[in-house]
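*Asks:* What follows is a structure written as structure tokens; I'll ask about it next.
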Amino acid sequence: MITLASDFGSPYPAAMKGVVLRRSDARLVDVAHDLPRQDVRAAAFWCRETLPYFPPAVHLVVVDPGVGTDRDALVVRVGEHALVAPDNGVALPAARRLASEAAGTVPDVECFGYDYDDPASATFHGRDVFAPAAAEIHETGVDALETLDLVSPIESFAPTESPGSVVDCRFPEPTVDGEVGEARGEVLVVDDFGNAITNVPGSFVAGREGDTVEVNGVPAPVATAFADVEAGERLVTVGSHGFVECDVNRGRGDEAFGLAPGDEVVLVG
Amino acid sequence: MITLASDFGSPYPAAMKGVVLRRSDARLVDVAHDLPRQDVRAAAFWCRETLPYFPPAVHLVVVDPGVGTDRDALVVRVGEHALVAPDNGVALPAARRLASEAAGTVPDVECFGYDYDDPASATFHGRDVFAPAAAEIHETGVDALETLDLVSPIESFAPTESPGSVVDCRFPEPTVDGEVGEARGEVLVVDDFGNAITNVPGSFVAGREGDTVEVNGVPAPVATAFADVEAGERLVTVGSHGFVECDVNRGRGDEAFGLAPGDEVVLVG
Amino acid sequence: MITLASDFGSPYPAAMKGVVLRRSDARLVDVAHDLPRQDVRAAAFWCRETLPYFPPAVHLVVVDPGVGTDRDALVVRVGEHALVAPDNGVALPAARRLASEAAGTVPDVECFGYDYDDPASATFHGRDVFAPAAAEIHETGVDALETLDLVSPIESFAPTESPGSVVDCRFPEPTVDGEVGEARGEVLVVDDFGNAITNVPGSFVAGREGDTVEVNGVPAPVATAFADVEAGERLVTVGSHGFVECDVNRGRGDEAFGLAPGDEVVLVG
């Protein structure tokens with residue numbers, strides 16, 4: 001199985017799929033091709049929140065503002081999973097999550113370089129570098145990927161550690177003061193529904209349904225389900241990612257709370 | 001085969017697919033993930049118009065404004081097909097259509113409850129309740145789904161009847177007076193092309209190509225094909241769903257006729 | 001394998017897939033369903049730029065502004081590939097490219113008519129004509145497609161020639177004067193990133209990184225990679241299709257250069 005995630009929109013992913021299918025009969029599963037454009041951190045978030053649900057696979061992740069520069073192509077192995085991506089951090093949060101959720105012994109995050117040269121295009125390495133790499137790794141087997149000529153080890157680290165050589169991606173850490181009832185964090189992403197997903201852990205509001213909290217001064221009830229408030233009304237809830245979300249039932253939370261990705265969020269209550 | 005339909009946009013469907021693929025190697029086919037958001041009736045329409053074209057499958061349908069409330073999870077069996085959906089009516093029109101188009105004896109619409117408990121998230125039952133249910137039913141077999149521990153029968157009814165316990169979804173009925181040449185109906189949905197699809201049966205205009213009808217007072221020719229009128233011109237036609245549609249050749253019918261879903265439509269001519 | 005390309009948006013492609021899957025267990029791969037609406041030339045461009053990356057397949061291409069008129073349904077065979085499309089030219093550029101890139105002897109472009117009659121709908125031949133045709137051809141085998149009752153030969157021609165009977169699609173030819181340093185061409189398409197893709201061959205700027213060229217009087221540096229210029233800055237580059245593109249790093253080239261599909265482009269420098 002090969003999953004595909006990119007910010008390529010349409011129809012560029014089709015060229016990647018064709019390239020893969022000429023080299024492999026792997027099952028292909030689209031994760032998304034409308035990831036926030038050239039936004040490595042947002043793409044890293046969405047990969048972390050989706051890829052760990054999959055069975056062992058090769059995950060092709062191409063959000064690559066540095067395409068055509070000297071940034072490396074990376075292969076990251078985590079147990080039976082491999083991620084193929086530019087060395088810009090986009091694959092690291094998913095790799096850590098895959099490691100920490102693995103059954104049995106926690107595997108290391110093993111990073112390899114993929115030594116491509118002379119791609120046909122300087123602006124479409126998804127098609128000319130990463131898709132062939134993913135197909136090749138799938139055919140060779142994730143457990144044997146270091147036997148490939150173009151693959152060479154860089155470093156391995158435990159998922160709780162930081163890499164020394166490859167580019168990392170870390171999300172900002174919130175500060176939560178349960179005594180005072182205040183959390184300071186940030187909007188990580190806004191999803192297609194308009195839910196503003198923060199980095200504040202859901203535990204800040206869990207079990208407090210019916211209480212009111214202020215989000216940057218805007219009051220809203222804590223609720224479990226969207227339908228616990230009237231249509232068009234704001235709510236604060238524990239979203240499916242485990243973080244505090246600022247939402248509107250049948251509406252857009254980002255607009256109602258005035259929040260965009262990267263905005264600071266102060267929760268009081 | 002498992003089909004997937006939702007209003008989740010992107011990339012939430014990927015999490016559902018991962019969950020399914022950890023439990024089943026079924027072929028997955030996307031129906032749509034941009035169904036009109038939290039609009040049960042529109043989703044029910046599109047499922048009715050697409051799912052009956054498929055071979056026997058498990059159809060996962062998640063448009064679920066009541067997620068996290070006490071609404072039930074439903075499994076509907078119609079012959080060799082099963083639909084897995086929230087108990088809000090979204091699956092019923094497709095189920096009736098599947099039954100009425102089945103070869104041989106018309107099967108009943110058999111409704112079962114799926115007795116989930118403690119999903120990981122109160123806001124993403126697509127991932128935590130419905131996707132596992134669809135995978136489990138696929139692996140057990142649609143014909144044996146009642147052997148599953150979490151599945152219990154609710155009721156069965158003929159496709160021409162109404163259910164007693166599960167939530168139904170009925171589309172409004174138009175009034176058509178062929179003698180007077182007037183039909184009163186409603187815009188059911190507007191498609192991506194901007195075609196305003198009404199609930200007036202196509203027979204009201206079929207065979208009358210070249211005649212003019214008025215749509216809420218706006219005149220337009222009856223035509224078979226878009227290209228029977230000039231680019232940018234209005235036409236009234238029998239759409240691919242069998243209903244009267246108000247369209248524009250290479251343009252948007254909804255804008256040209258001033259029509260939106262739910263609007264009353266009076267056709268005269 | 002059957003690939004699917006259309007301008008149908010969503011969820012109409014699902015009906016096509018259902019129709020295919022009732023007749024074939026072919027692997028289905030979406031190329032795109034958001035091709036520029038009813039724009040045969042743009043669709044032909046994108047099919048030419050994506051389909052040749054695929055292994056042998058039946059390619060279903062439905063961008064069909066003449067649906068329901070007397071335009072023919074076409075099957076085009078190129079070696080081991082077949083394209084199923086309306087006879088409006090949309091499949092011809094991809095067919096020529098497939099022929100010219102075939103290994104060994106260059107195959108002819110073999111055109112056949114598909115003699116459908118009485119489709120269920122006059123406005124959705126994708127579902128009622130082309131999808132069944134693609135499934136039938138896949139099941140019979142591309143090499144034996146002329147054995148099908150509904151298929152009859154029209155003509156064959158070398159990829160460098162023009163057809164006599166079927167509708168062709170040719171892209172405009174640019175004029176390039178390397179001595180004077182001027183190229184006159186046209187914007188063929190604008191992609192999802194906002195890159196304005198011209199018909200001027202990349203050779204006009206290749207190897208001249210750092211030079212400045214004027215695009216309709218607007219100066220921009222020639223660059224290999226987006227990131228060779230600052231975010232928000234214009235660049236002129238050789239795109240992944242081999243043509244000169246007018247782009248912006250992390251922005252939209254079409255807006256920055258004031259270019260839309262069909263616009264004339266004069267490059268000086």
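As shown in the structure tokens, the chain order sets the letters A, B, ...; within each chain, residues go from 1, and ligands are also counted from 1 in the order they appear.
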What are the nearest atom pairs, with distances in Å to one decimal, for all residues of chain B that come at most 9 Å from chain C, using only C-alpha atoms, set out by chain and rising residue number as a tab-separated table?
*Replies:*
residue	atom	partner	partner_atom	distance
B:Val29	CA	C:Ala14	CA	8.1
B:Asp30	CA	C:Ala14	CA	7.1
B:Val31	CA	C:Ala14	CA	4.9
B:Ala32	CA	C:Pro11	CA	5.3
B:His33	CA	C:Ser10	CA	8.5
B:Asp34	CA	C:Ser10	CA	7.3
B:Leu35	CA	C:Pro11	CA	7.8
B:Trp46	CA	C:Pro11	CA	7.3
B:Glu49	CA	C:Ala15	CA	7.7
B:Thr50	CA	C:Ala15	CA	4.9
B:Leu51	CA	C:Ala15	CA	7.3
B:Pro52	CA	C:Gly18	CA	8.0
B:Tyr53	CA	C:Gly18	CA	4.8
B:Phe54	CA	C:Gly18	CA	4.0
B:Pro55	CA	C:Arg22	CA	5.1
B:Pro56	CA	C:Arg22	CA	8.7
B:Asp191	CA	C:Ser10	CA	8.0
B:Asp192	CA	C:Gly9	CA	6.0
B:Phe193	CA	C:Phe8	CA	7.7
B:Thr224	CA	C:Ala122	CA	6.4
B:Ala225	CA	C:Gly68	CA	4.8
B:Phe226	CA	C:Val67	CA	7.2
B:Ala227	CA	C:Gly66	CA	5.7
B:Asp228	CA	C:Thr69	CA	7.6
B:Thr237	CA	C:Thr123	CA	8.9
B:Val238	CA	C:Ser121	CA	8.0
B:Gly239	CA	C:Thr123	CA	6.4
B:Ser240	CA	C:Ser121	CA	5.1
B:His241	CA	C:Ser121	CA	8.1
B:Gly242	CA	C:Ser121	CA	8.0
B:Asn249	CA	C:Pro65	CA	8.3
B:Arg250	CA	C:Gln38	CA	6.9
*Asks:* The selected residues should be written to file as a PDB file, in the first residue's frame (atoms: C-alpha atoms).
*Replies:*
ATOM      1  CA  VAL B  29     -14.514   3.655  -3.839  1.00  0.00           C
ATOM      2  CA  ASP B  30     -15.163   7.296  -3.027  1.00  0.00           C
ATOM      3  CA  VAL B  31     -18.656   8.474  -3.891  1.00  0.00           C
ATOM      4  CA  ALA B  32     -18.110  12.046  -2.687  1.00  0.00           C
ATOM      5  CA  HIS B  33     -16.757  13.804   0.354  1.00  0.00           C
ATOM      6  CA  ASP B  34     -18.065  17.223  -0.532  1.00  0.00           C
ATOM      7  CA  LEU B  35     -21.749  16.454  -0.124  1.00  0.00           C
ATOM      8  CA  TRP B  46     -27.090  12.195  -4.064  1.00  0.00           C
ATOM      9  CA  GLU B  49     -28.746   8.929  -7.470  1.00  0.00           C
ATOM     10  CA  THR B  50     -25.326   7.251  -7.279  1.00  0.00           C
ATOM     11  CA  LEU B  51     -25.280   4.162  -5.019  1.00  0.00           C
ATOM     12  CA  PRO B  52     -27.785   2.108  -7.083  1.00  0.00           C
ATOM     13  CA  TYR B  53     -25.293   2.102  -9.987  1.00  0.00           C
ATOM     14  CA  PHE B  54     -22.828   0.073  -7.924  1.00  0.00           C
ATOM     15  CA  PRO B  55     -22.541  -3.690  -7.681  1.00  0.00           C
ATOM     16  CA  PRO B  56     -23.282  -5.223  -4.249  1.00  0.00           C
ATOM     17  CA  ASP B 191     -25.212  20.398  -8.883  1.00  0.00           C
ATOM     18  CA  ASP B 192     -21.605  21.444  -9.468  1.00  0.00           C
ATOM     19  CA  PHE B 193     -22.460  22.683 -12.967  1.00  0.00           C
ATOM     20  CA  THR B 224     -32.766  17.760 -25.140  1.00  0.00           C
ATOM     21  CA  ALA B 225     -29.116  18.726 -25.048  1.00  0.00           C
ATOM     22  CA  PHE B 226     -27.240  21.680 -23.618  1.00  0.00           C
ATOM     23  CA  ALA B 227     -25.800  22.451 -27.042  1.00  0.00           C
ATOM     24  CA  ASP B 228     -29.322  22.796 -28.493  1.00  0.00           C
ATOM     25  CA  THR B 237     -34.416  19.791 -19.913  1.00  0.00           C
ATOM     26  CA  VAL B 238     -34.921  16.288 -18.552  1.00  0.00           C
ATOM     27  CA  GLY B 239     -31.793  15.775 -16.494  1.00  0.00           C
ATOM     28  CA  SER B 240     -29.916  12.552 -15.895  1.00  0.00           C
ATOM     29  CA  HIS B 241     -31.924  11.914 -12.723  1.00  0.00           C
ATOM     30  CA  GLY B 242     -35.204  11.929 -14.651  1.00  0.00           C
ATOM     31  CA  ASN B 249     -25.501  25.890 -21.737  1.00  0.00           C
ATOM     32  CA  ARG B 250     -21.892  26.421 -20.551  1.00  0.00           C
TER      33      ARG B 250
END
*Asks:* If you run DSSP over the backbone, which residues in region 52-186 of chain C end up alpha helix (DSSP H)? Put them as an MDAnalysis selection string.
*Replies:* chainID C and resid 92:100 125 131:140
*Asks:* Any chance you could list, as number ranges by chain, the residues in region 144-178 of chain B that come up strand (DSSP E) when DSSP is run on the backbone?
*Replies:* B: 151-157, 175-177
*Asks:* How many Å separate CA of Pro36 (chain C) from CA of Leu60 (chain C)?
*Replies:*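 Taking CA of Pro36 (chain C) and CA of Leu60 (chain C), their separation equals 16.2 Å.
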*Asks:* Calculated over only C-alpha atoms, which of the candidates A:Arg48, A:Arg77, A:Arg170, A:Arg208 has the smallest distance to Pro153 (chain A)?
*Replies:*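 Smallest separation from Pro153 (chain A) among the options: A:Arg77.
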*Asks:* At a cut-off of 8 Å, using only C-alpha atoms, what residues contact region 61-64 of chain C? Leave out same-chain residues fewer than 3 positions from it and give the result as an MDAnalysis selection string.
*Replies:* chainID C and resid 4:7 35 37:40 43 67 83:86 88 90:91 126 130
*Asks:* Figure out the distance between CA of Glu233 (chain C) and CA of Val248 (chain C), please, to one decimal in Å.
*Replies:*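 One can read the CA of Val248 (chain C) to CA of Glu233 (chain C) distance as 5.4 Å.
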*Asks:* As a PDB file with C-alpha atoms, in the first residue's frame, please: the residues near Glu139 (chain C) (cut-off 9 Å, only C-alpha atoms, same-chain neighbours under 3 positions excluded).
*Replies:*
ATOM      1  CA  ARG C  23     -19.110  -4.686 -15.658  1.00  0.00           C
ATOM      2  CA  SER C  24     -15.436  -4.982 -14.728  1.00  0.00           C
ATOM      3  CA  ASP C  25     -13.157  -5.424 -11.758  1.00  0.00           C
ATOM      4  CA  ALA C  26     -10.521  -3.182 -13.341  1.00  0.00           C
ATOM      5  CA  ALA C 134     -14.661   1.680 -21.269  1.00  0.00           C
ATOM      6  CA  ALA C 135     -15.666  -1.332 -19.186  1.00  0.00           C
ATOM      7  CA  GLU C 136     -16.502  -3.381 -22.251  1.00  0.00           C
ATOM      8  CA  VAL C 142      -7.488  -3.284 -25.984  1.00  0.00           C
TER       9      VAL C 142
END
*Asks:* Name the closest residue to Val268 (chain C) among the candidates C:Val176, C:Ala42, C:Ile197, C:Leu235; distances are taken between atoms, counting only C-alpha atoms.
*Replies:*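 Smallest distance to Val268 (chain C) is found for C:Val176.
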*Asks:* Just how far from CA of Pro261 (chain B) is CA of Pro174 (chain B), in Å to one decimal?
*Replies:*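 One can read the CA of Pro174 (chain B) to CA of Pro261 (chain B) distance as 14.6 Å.
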*Asks:* Tell me which of C:Asp118, C:Glu186, C:Asp143, C:Asp211 sits closest to Ala260 (chain C), counting only C-alpha atoms.
*Replies:* C:Glu186
*Asks:* Can you tell me which residues surround Leu92 (chain B) at a distance of at most 8 Å, considering only C-alpha atoms, apart from same-chain residues fewer than 4 positions away, and format the answer as a PDB file with C-alpha atoms, in the first residue's frame?
*Replies:*
ATOM      1  CA  ALA B  44     -29.858  11.477   0.702  1.00  0.00           C
ATOM      2  CA  ARG B  96     -35.664   2.261  -1.285  1.00  0.00           C
ATOM      3  CA  ASP B 168     -37.122   8.540   7.323  1.00  0.00           C
ATOM      4  CA  CYS B 169     -36.295  11.080   4.651  1.00  0.00           C
TER       5      CYS B 169
END
